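Working notes, beginning with the structure itself.
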Amino acid sequence: MGCLFCKIYKEKIDIIFENKYFYAQFDKFPASPGHSEVIPKRHVASLLDLSDEEWKFLKPAIRDVIKIIEKTDLKKLYENFTRTPLNEKSRWFCDQMLKRPYINRKPDGYNIGVNEGEAAGRTIHHLHIHIIPRYFGDVENPVGGVRHVIPHMGNYKSE
Ligand SMILES: [Zn+2]
């Protein structure tokens with residue numbers, strides 16, 4: 001009851017993609033321009049709860065959402081999000097995106113991942129696969145990528 005991602009699908013709120021088992025949306029609190037989530041239509045908490053049949057539809061979903069991110073006018077998107085924000089915090093996040101000089105550049109890479117469990121940072125207990133576009137120059141040194149979820153333990157190549 002009261003699951004946000006079930007509600008978004010049921011009410012078709014700003015859905016950007018849909019296949020047999022998954023849908024996708026742009027995150028309203030983006031970490032990076034184009035930040036999206038691929039979400040199973042079925043309410044499951046864990047990546048491991050997906051059936052083999054659903055799993056087969058996940059890869060094309062990720063591929064197609066990346067295509068959508070790359071052809072979306074993100075400046076226009078966040079201008080719209082800030083004009084009619086979900087709430088004040090969302091407005092702040094979207095406004096930060098508008099300040100990124102690379103906002104309408106094609107992403108140079110992606111972090112694609114799941115916060116699997118509360119200890120890993122999951123706050124909405126309906127599986128969602130984050131697709132976070134990355135741009136050269138968005139952080140000082142991206143080496144280590146998702147390892148940076150543990151502060152100071154990301155870059156194993158630093159001096
Ligand atoms: Zn749900």
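Each chain in the structure tokens gets a letter, A, B, ..., in the order shown, and its residues are numbered from 1; ligands are numbered from 1 in order too.
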
query = ligand 1: which residues are within 10 Å, counting only C-alpha atoms and all ligand atoms, as a VMD selection string?
reply = chain A and resid 1 to 10 39 to 45 124 to 128

Grab the residues selected above and save them as a tab-separated table (two decimals), in the first residue's frame with C-alpha atoms.
chain	number	residue	atom	x	y	z
A	1	MET	CA	0.00	0.00	0.00
A	2	GLY	CA	1.11	3.53	-0.75
A	3	CYS	CA	4.01	2.46	-2.95
A	4	LEU	CA	5.26	5.46	-4.94
A	5	PHE	CA	6.43	3.46	-7.96
A	6	CYS	CA	3.21	1.44	-8.15
A	7	LYS	CA	1.31	4.72	-8.02
A	8	ILE	CA	3.40	6.39	-10.72
A	9	TYR	CA	2.76	3.48	-13.07
A	10	LYS	CA	-0.92	3.21	-12.22
A	39	ILE	CA	11.25	0.19	-12.74
A	40	PRO	CA	9.49	-3.19	-12.91
A	41	LYS	CA	5.71	-2.91	-13.25
A	42	ARG	CA	5.41	-5.71	-10.71
A	43	HIS	CA	5.96	-4.69	-7.09
A	44	VAL	CA	9.19	-6.43	-6.09
A	45	ALA	CA	11.81	-5.06	-3.74
A	124	ILE	CA	11.71	3.15	-1.84
A	125	HIS	CA	11.18	-0.57	-1.49
A	126	HIS	CA	10.11	-1.17	-5.06
A	127	LEU	CA	13.05	-2.11	-7.26
A	128	HIS	CA	14.43	0.68	-9.43

Which range 37-138 of chain A residues have any atom within 10 Å of an atom of range 22-25 of chain A, and for each, what is the nearest pair of atoms with distance in Å to one decimal, counting only C-alpha atoms, rows sorted by chain and number, as a Markdown table?
| residue | atom | partner | partner_atom | distance |
| --- | --- | --- | --- | --- |
| A:Glu37 | CA | A:Ala24 | CA | 5.4 |
| A:Val38 | CA | A:Ala24 | CA | 4.4 |
| A:Ile39 | CA | A:Tyr23 | CA | 5.4 |
| A:Pro40 | CA | A:Phe22 | CA | 4.2 |
| A:Lys41 | CA | A:Phe22 | CA | 5.2 |
| A:Arg42 | CA | A:Phe22 | CA | 8.1 |
| A:Glu54 | CA | A:Phe22 | CA | 8.2 |
| A:Trp55 | CA | A:Phe22 | CA | 9.9 |
| A:Phe57 | CA | A:Phe22 | CA | 7.5 |
| A:Leu58 | CA | A:Phe22 | CA | 7.2 |
| A:Pro60 | CA | A:Phe22 | CA | 10.0 |
| A:Ala61 | CA | A:Phe22 | CA | 7.0 |
| A:Ile62 | CA | A:Ala24 | CA | 9.0 |
| A:Asp64 | CA | A:Ala24 | CA | 9.8 |
| A:Val65 | CA | A:Ala24 | CA | 7.2 |
| A:His128 | CA | A:Ala24 | CA | 9.0 |
| A:Ile129 | CA | A:Ala24 | CA | 9.2 |
| A:His130 | CA | A:Ala24 | CA | 9.8 |
| A:Ile131 | CA | A:Ala24 | CA | 10.0 |

query = So which bits of range 26-141 of chain A end up strand (DSSP E or B) when you DSSP the backbone, as a PyMOL selection string?
reply = chain A and resi 26+36-40+109-113+129-134

Of the listed residues A:Lys76, A:Gly113, A:Leu98, A:Asp52, that which approaches Tyr21 in chain A most closely, counting only C-alpha atoms =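 Ranking A:Lys76, A:Gly113, A:Leu98, A:Asp52 by distance to Tyr21 in chain A, first place goes to A:Asp52.
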
key: Nearest to Gln96 in chain A, chosen from A:Glu79, A:Ser36, A:Glu140, A:Gly154, with only C-alpha atoms counted in the distances   =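 Residue with the minimum atom-to-atom distance to Gln96 in chain A: A:Glu79.
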
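Counting only C-alpha atoms, the residue from A:Thr72, A:Ser32, A:Asn115, A:Thr84 that sits nearest to Arg134 in chain A is A:Ser32.
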
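If only C-alpha atoms are the atoms counted, then among A:His35, A:Arg63, A:Lys28, A:Lys56 the closest residue to Pro107 in chain A is A:His35.
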
ask   = Quick one: of A:Ser90, A:Ala120, A:Gly34, A:Ile15, who's nearest to Arg147 in chain A, counting only C-alpha atoms?
value =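 Between A:Ser90, A:Ala120, A:Gly34, A:Ile15, the residue approaching Arg147 in chain A most closely is A:Ala120.
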
message = If we count only C-alpha atoms and set the cut-off at 12 Å, which residues sit around Asp138 in chain A, ignoring sequence neighbours fewer than 4 positions away in its own chain? Please answer as an NGL selection string.
response = :A and (31-33 or 97 or 99-103 or 105 or 107-110 or 132-134 or 142)

Okay, now the selection with C-alpha atoms, as a tab-separated table (two decimals), in the first residue's frame?
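out.tsv, written as the output of this step:
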chain	number	residue	atom	x	y	z
A	31	ALA	CA	22.01	13.54	-9.41
A	32	SER	CA	23.08	14.32	-12.95
A	33	PRO	CA	21.32	15.62	-16.09
A	97	MET	CA	20.87	20.57	-13.36
A	99	LYS	CA	23.50	25.16	-13.90
A	100	ARG	CA	25.54	22.28	-15.35
A	101	PRO	CA	27.44	23.52	-18.43
A	102	TYR	CA	27.22	20.05	-20.03
A	103	ILE	CA	23.44	19.72	-19.63
A	105	ARG	CA	25.86	17.39	-24.24
A	107	PRO	CA	26.61	11.79	-21.90
A	108	ASP	CA	30.14	10.39	-21.97
A	109	GLY	CA	29.25	7.43	-19.74
A	110	TYR	CA	26.73	6.05	-17.24
A	132	ILE	CA	22.92	8.14	-14.06
A	133	PRO	CA	24.55	9.85	-17.03
A	134	ARG	CA	28.14	10.89	-16.54
A	142	PRO	CA	35.62	9.79	-11.59
